[in-house]
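Raw structure.tsv, TSV, C-alpha atoms:
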chain	number	residue	atom	x	y	z
K	41	LYS	CA	-26.21	-29.17	22.45
K	42	MET	CA	-24.38	-26.55	24.47
K	43	LYS	CA	-21.07	-27.87	23.15
K	44	THR	CA	-22.38	-27.66	19.60
K	45	LEU	CA	-23.40	-24.03	20.05
K	46	LEU	CA	-20.00	-23.22	21.53
K	47	GLN	CA	-18.24	-24.87	18.60
K	48	VAL	CA	-20.38	-22.83	16.19
K	49	ALA	CA	-19.55	-19.62	18.05
K	50	ILE	CA	-15.82	-20.36	17.96
K	51	ALA	CA	-15.98	-21.18	14.25
K	52	THR	CA	-17.82	-17.92	13.57
K	53	VAL	CA	-15.20	-15.87	15.41
K	54	CYS	CA	-12.37	-17.62	13.58
K	55	THR	CA	-13.81	-16.78	10.18
K	56	THR	CA	-14.82	-13.18	10.89
K	57	SER	CA	-11.83	-11.87	12.81
K	58	GLY	CA	-8.31	-11.10	11.69
K	59	PHE	CA	-7.47	-11.55	8.04
K	60	THR	CA	-9.17	-14.83	7.19
K	61	MET	CA	-11.66	-13.23	4.79
K	62	GLY	CA	-11.30	-10.92	1.81
K	63	SER	CA	-8.11	-9.77	0.14
K	64	ASP	CA	-4.82	-11.44	1.06
K	65	LEU	CA	-2.95	-8.31	-0.04
K	66	LEU	CA	-3.21	-4.70	1.16
K	67	ILE	CA	-1.59	-1.32	0.61
K	68	THR	CA	0.71	-0.45	3.51
K	69	ALA	CA	2.57	2.60	2.17
K	70	VAL	CA	2.63	5.20	-0.57
K	71	TYR	CA	5.61	7.45	-1.19
K	72	ASP	CA	6.58	10.41	-3.36
K	73	GLY	CA	10.35	10.71	-3.14
K	74	PRO	CA	12.75	13.67	-3.27
K	75	LEU	CA	15.18	12.45	-5.93
K	76	SER	CA	15.30	13.59	-9.56
K	77	GLY	CA	11.85	13.58	-11.14
K	78	GLY	CA	10.17	13.27	-7.74
K	79	THR	CA	11.27	9.65	-7.42
K	80	PRO	CA	11.03	7.07	-6.06
K	81	LYS	CA	7.26	6.93	-6.38
K	82	GLY	CA	5.13	3.91	-5.64
K	83	VAL	CA	3.59	1.65	-3.07
K	84	GLU	CA	4.43	-0.96	-0.48
K	85	LEU	CA	2.04	-3.88	-0.11
K	86	TYR	CA	1.82	-6.56	2.56
K	87	VAL	CA	0.91	-10.20	2.01
K	88	LEU	CA	-1.56	-11.25	4.71
K	89	ASN	CA	-1.86	-14.90	3.70
K	90	ASP	CA	0.01	-17.04	1.18
K	91	ILE	CA	-0.97	-16.16	-2.39
K	92	SER	CA	-0.40	-18.89	-4.97
K	93	ASP	CA	-0.99	-16.62	-7.97
K	94	LEU	CA	-0.45	-12.87	-7.73
K	95	SER	CA	-1.85	-12.32	-11.23
K	96	SER	CA	-5.34	-12.02	-9.78
K	97	TYR	CA	-4.17	-8.72	-8.24
K	98	GLY	CA	-3.34	-5.39	-9.83
K	99	LEU	CA	-2.90	-1.68	-9.18
K	100	GLY	CA	-4.22	1.55	-10.61
K	101	SER	CA	-3.65	5.23	-9.89
K	102	ALA	CA	-6.38	7.85	-9.81
K	103	ASN	CA	-4.58	11.05	-10.74
K	104	ASN	CA	-5.61	14.53	-9.59
K	105	GLY	CA	-9.04	13.47	-8.38
K	106	GLY	CA	-10.06	12.31	-11.85
K	107	GLY	CA	-11.63	9.07	-10.72
K	108	SER	CA	-10.56	5.51	-11.32
K	109	ASP	CA	-8.53	4.55	-14.38
K	110	GLY	CA	-9.08	0.90	-13.60
K	111	GLU	CA	-6.35	-1.69	-13.30
K	112	GLU	CA	-3.20	-0.35	-14.96
K	113	PHE	CA	-0.66	-2.85	-13.65
K	114	THR	CA	-1.28	-6.58	-13.23
K	115	PHE	CA	1.09	-8.69	-11.19
K	116	PRO	CA	2.74	-11.65	-12.93
K	117	ALA	CA	1.71	-15.22	-12.15
K	118	GLU	CA	4.01	-15.65	-9.18
K	119	ALA	CA	3.49	-16.81	-5.62
K	120	ALA	CA	3.80	-14.58	-2.56
K	121	THR	CA	4.44	-15.66	1.02
K	122	ALA	CA	2.44	-14.49	4.04
K	123	GLY	CA	4.27	-11.81	6.00
K	124	SER	CA	6.30	-10.55	3.04
K	125	PHE	CA	6.30	-7.06	1.53
K	126	ILE	CA	5.99	-6.20	-2.16
K	127	TYR	CA	7.32	-2.95	-3.64
K	128	VAL	CA	6.04	-1.52	-6.91
K	129	ALA	CA	7.85	1.61	-8.06
K	130	TYR	CA	7.60	4.02	-10.97
K	131	VAL	CA	10.08	3.42	-13.78
K	132	GLY	CA	10.60	7.17	-14.22
K	133	SER	CA	13.69	8.74	-15.71
K	134	ASN	CA	15.89	6.80	-13.29
K	135	ALA	CA	15.03	3.15	-12.74
K	136	THR	CA	17.50	2.95	-9.84
K	137	SER	CA	15.95	5.74	-7.75
K	138	PHE	CA	14.18	3.27	-5.44
K	139	LEU	CA	17.44	1.40	-4.88
K	140	ASP	CA	19.30	4.68	-4.36
K	141	TYR	CA	16.81	5.95	-1.78
K	142	PHE	CA	15.79	2.82	0.12
K	143	GLY	CA	18.92	0.69	-0.33
K	144	PHE	CA	17.34	-2.32	-2.05
K	145	ALA	CA	15.61	-2.99	-5.35
K	146	PRO	CA	11.82	-2.94	-5.79
K	147	ASN	CA	10.00	-6.10	-6.78
K	148	TYR	CA	8.33	-4.52	-9.81
K	149	LEU	CA	8.57	-1.35	-11.90
K	150	SER	CA	5.53	0.15	-13.61
K	151	ASN	CA	4.52	3.37	-15.30
K	152	ALA	CA	1.22	3.02	-13.44
K	153	MET	CA	3.05	4.30	-10.36
K	154	ASN	CA	3.62	7.72	-11.93
K	155	ILE	CA	1.89	9.32	-8.96
K	156	ASN	CA	2.24	12.53	-7.03
K	157	GLY	CA	1.33	13.26	-3.46
K	158	ASP	CA	-2.23	14.21	-4.40
K	159	ASP	CA	-3.08	10.94	-6.17
K	160	ALA	CA	-5.07	7.96	-4.90
K	161	ILE	CA	-4.09	4.31	-5.40
K	162	GLU	CA	-6.42	1.36	-5.94
K	163	LEU	CA	-5.62	-2.31	-5.35
K	164	PHE	CA	-7.67	-4.75	-7.40
K	165	GLN	CA	-8.44	-8.43	-7.00
K	166	SER	CA	-10.15	-10.09	-9.95
K	167	ARG	CA	-10.79	-6.57	-11.32
K	168	ALA	CA	-12.68	-5.50	-8.17
K	169	VAL	CA	-11.30	-2.85	-5.78
K	170	VAL	CA	-10.28	-4.49	-2.50
K	171	ASP	CA	-8.19	-1.70	-0.98
K	172	VAL	CA	-7.64	1.99	-1.71
K	173	PHE	CA	-5.45	4.79	-0.45
K	174	GLY	CA	-6.96	8.25	-0.80
K	175	ASP	CA	-10.14	9.46	-2.46
K	176	ILE	CA	-10.14	8.66	-6.18
K	177	ASN	CA	-12.52	11.56	-6.86
K	178	THR	CA	-10.57	14.20	-4.93
K	179	ASP	CA	-7.32	15.99	-5.68
K	180	GLY	CA	-5.40	15.29	-2.49
K	181	THR	CA	-3.71	18.68	-2.31
K	182	GLY	CA	-4.49	20.21	1.06
K	183	THR	CA	-6.10	17.04	2.44
K	184	LYS	CA	-4.79	15.09	5.42
K	185	TRP	CA	-3.77	12.26	3.08
K	186	GLU	CA	-1.61	14.48	0.88
K	187	HIS	CA	1.90	13.04	0.64
K	188	LEU	CA	3.65	15.38	-1.83
K	189	ASP	CA	7.40	14.89	-1.30
K	190	GLY	CA	6.46	12.66	1.58
K	191	TRP	CA	4.85	9.38	2.54
K	192	ALA	CA	1.92	7.72	4.28
K	193	TYR	CA	2.15	4.47	6.24
K	194	ARG	CA	-0.62	2.14	7.35
K	195	ASN	CA	-1.37	1.65	11.03
K	196	ASP	CA	-0.67	-1.83	12.38
K	197	GLY	CA	-3.66	-4.15	12.36
K	198	SER	CA	-5.61	-2.15	9.78
K	199	ILE	CA	-7.42	-4.40	7.31
K	200	PRO	CA	-8.18	-4.08	3.55
K	201	ASN	CA	-10.93	-1.49	3.20
K	202	GLY	CA	-12.80	-2.76	0.16
K	203	GLY	CA	-12.50	0.62	-1.55
K	204	MET	CA	-13.76	2.72	1.38
K	205	PHE	CA	-10.72	4.77	2.41
K	206	SER	CA	-10.43	5.91	6.01
K	207	VAL	CA	-7.84	8.62	6.62
K	208	GLY	CA	-7.31	7.27	10.14
K	209	ASP	CA	-5.96	3.95	8.82
K	210	PHE	CA	-2.66	5.66	7.96
K	211	PHE	CA	-0.20	8.05	9.53
K	212	TYR	CA	1.52	10.74	7.49
K	213	SER	CA	4.81	12.53	7.06
K	214	GLY	CA	3.03	15.65	5.82
K	215	PRO	CA	3.88	17.36	2.52
K	216	ASN	CA	7.48	18.34	1.71
K	217	ALA	CA	8.85	16.25	4.58
K	218	LEU	CA	11.47	14.67	2.29
K	219	ASP	CA	12.78	17.88	0.74
K	220	GLY	CA	16.58	17.80	0.60
K	221	CYS	CA	16.85	14.12	1.55
K	222	SER	CA	18.98	11.68	-0.43
K	223	THR	CA	18.29	8.39	1.39
K	224	ASN	CA	15.51	7.18	3.66
K	225	ASP	CA	17.85	6.24	6.50
K	226	THR	CA	19.48	9.67	6.67
K	227	CYS	CA	16.30	11.71	6.16
K	228	GLY	CA	14.75	13.71	8.98
K	229	SER	CA	11.46	12.01	8.08
K	230	VAL	CA	12.18	8.29	7.85
K	231	MET	CA	9.45	6.20	6.24
K	232	PRO	CA	9.08	3.08	8.44
K	233	ILE	CA	9.44	0.83	5.42
K	234	GLY	CA	8.75	-2.88	5.92
K	235	THR	CA	7.43	-2.50	9.47
K	236	PHE	CA	3.66	-3.07	9.13
K	237	GLY	CA	2.33	-5.58	11.62
K	238	ALA	CA	-0.87	-7.45	10.85
K	239	GLY	CA	-1.50	-8.14	14.51
K	240	GLY	CA	-2.02	-4.53	15.57
K	241	GLY	CA	-0.33	-2.65	18.36
K	242	GLY	CA	0.08	0.69	16.67
K	243	ASN	CA	2.98	2.50	15.05
K	244	ASP	CA	3.13	5.48	17.37
Show this structure as structure tokens.
Amino acid sequence: KMKTLLQVAIATVCTTSGFTMGSDLLITAVYDGPLSGGTPKGVELYVLNDISDLSSYGLGSANNGGGSDGEEFTFPAEAATAGSFIYVAYVGSNATSFLDYFGFAPNYLSNAMNINGDDAIELFQSRAVVDVFGDINTDGTGTKWEHLDGWAYRNDGSIPNGGMFSVGDFFYSGPNALDGCSTNDTCGSVMPIGTFGAGGGGND
């Protein structure tokens, strides 16, 4: 009987720790770039576990504290591999601004990413919010999560928040940190793009 109880305890730990439950996708970065039109704008997402069909996920922006606009961009029916990053950028007036700034092309372009540094972002799964950056009911200007002409990046090991944003889950460039920059690599405030680690350990 003791062995049975131990097996149960181990099984419980395995299903309640790490990323074995909930969303297999999470928001790891938001950015409001310094190029023409305030581009590139958008999000980085991280795939926690293999996803056979991304079309169950989508994104929405909550502009200027006006509350949720619901799912405004739905991913196509494609697979995504655990450990990979997905970049969704604003089309804007210059569709190449993401490539120009970060040095590679985004995975998807969407008008839904027409965000500024005071806007919140929601990640949906089956139309339910599974992760959020910022407060959808608050204009982010003057808040710790403001990223006007800047960026925010998720701390290693942080899990999908189910729509309950915690400002401590991210670290921040601060507003106007990207002013005058032309590429991420040469900027005085480099966004640590593609560096999120699901296992923890911190980004400091």
Could you name the residues that touch Ile126 of chain K at 7 Å or less, counting all atoms listed in the file, but leaving out those on the same chain fewer than 2 positions away, as a PDB file with C-alpha atoms, keeping the file's coordinate frame?
ATOM      1  CA  GLU K  84       4.430  -0.960  -0.480  1.00  0.00           C
ATOM      2  CA  LEU K  85       2.040  -3.880  -0.110  1.00  0.00           C
ATOM      3  CA  TYR K  86       1.820  -6.560   2.560  1.00  0.00           C
ATOM      4  CA  SER K 124       6.300 -10.550   3.040  1.00  0.00           C
ATOM      5  CA  VAL K 128       6.040  -1.520  -6.910  1.00  0.00           C
ATOM      6  CA  ASN K 147      10.000  -6.100  -6.780  1.00  0.00           C
TER       7      ASN K 147
END
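Interatomic distance, atom CA of Ile176 of chain K against atom CA of Glu118 of chain K: 28.3 Å.
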Worksheet, complete the sentence: Of K:Ser229, K:Thr68, K:Gln165, K:Asn89, the one sitting nearest Gly110 of chain K when using all atoms listed in the file is K:Gln165
Worksheet item: Which residue gives the smallest distance to Asn195 of chain K among K:Ile67, K:Met153, K:Val170, K:Ala117, with only C-alpha atoms counted?
Response: K:Ile67
Worksheet item: Separation of atom CA of Gly190 of chain K and atom CA of Gly203 of chain K, in Å?
Response: 22.7 Å
Can you tell me, as a CSV table (one decimal) with C-alpha atoms, in the coordinates of the input, what residues are no more than 9 Å from Ser166 of chain K when counting all atoms listed in the file, ignoring any on the same chain fewer than 2 positions away?
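Contents of the output file part-v1.csv:
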chain,number,residue,atom,x,y,z
K,95,SER,CA,-1.8,-12.3,-11.2
K,96,SER,CA,-5.3,-12.0,-9.8
K,97,TYR,CA,-4.2,-8.7,-8.2
K,98,GLY,CA,-3.3,-5.4,-9.8
K,164,PHE,CA,-7.7,-4.8,-7.4
K,168,ALA,CA,-12.7,-5.5,-8.2
K,169,VAL,CA,-11.3,-2.8,-5.8
Practice prompt. Tell me which of K:Phe142, K:Arg167, K:Asp72, K:Ile91 sits closest to Phe113 of chain K, counting only C-alpha atoms.
Written response: K:Arg167
Who sits within 10 Å of Gly220 of chain K, all atoms listed in the file, same chain under 5 positions skipped, as an mmCIF file with C-alpha atoms, in the coordinates of the input:
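Saved the output as around.cif:
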data_model
loop_
_atom_site.group_PDB
_atom_site.id
_atom_site.type_symbol
_atom_site.label_atom_id
_atom_site.label_comp_id
_atom_site.auth_asym_id
_atom_site.auth_seq_id
_atom_site.Cartn_x
_atom_site.Cartn_y
_atom_site.Cartn_z
ATOM 1 C CA PRO K 74 12.750 13.670 -3.270
ATOM 2 C CA LEU K 75 15.180 12.450 -5.930
ATOM 3 C CA ASP K 189 7.400 14.890 -1.300
ATOM 4 C CA CYS K 227 16.300 11.710 6.160
ATOM 5 C CA GLY K 228 14.750 13.710 8.980
#
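The space separating atom CA of Gly202 of chain K from atom CA of Ile155 of chain K comes to 21.1 Å.
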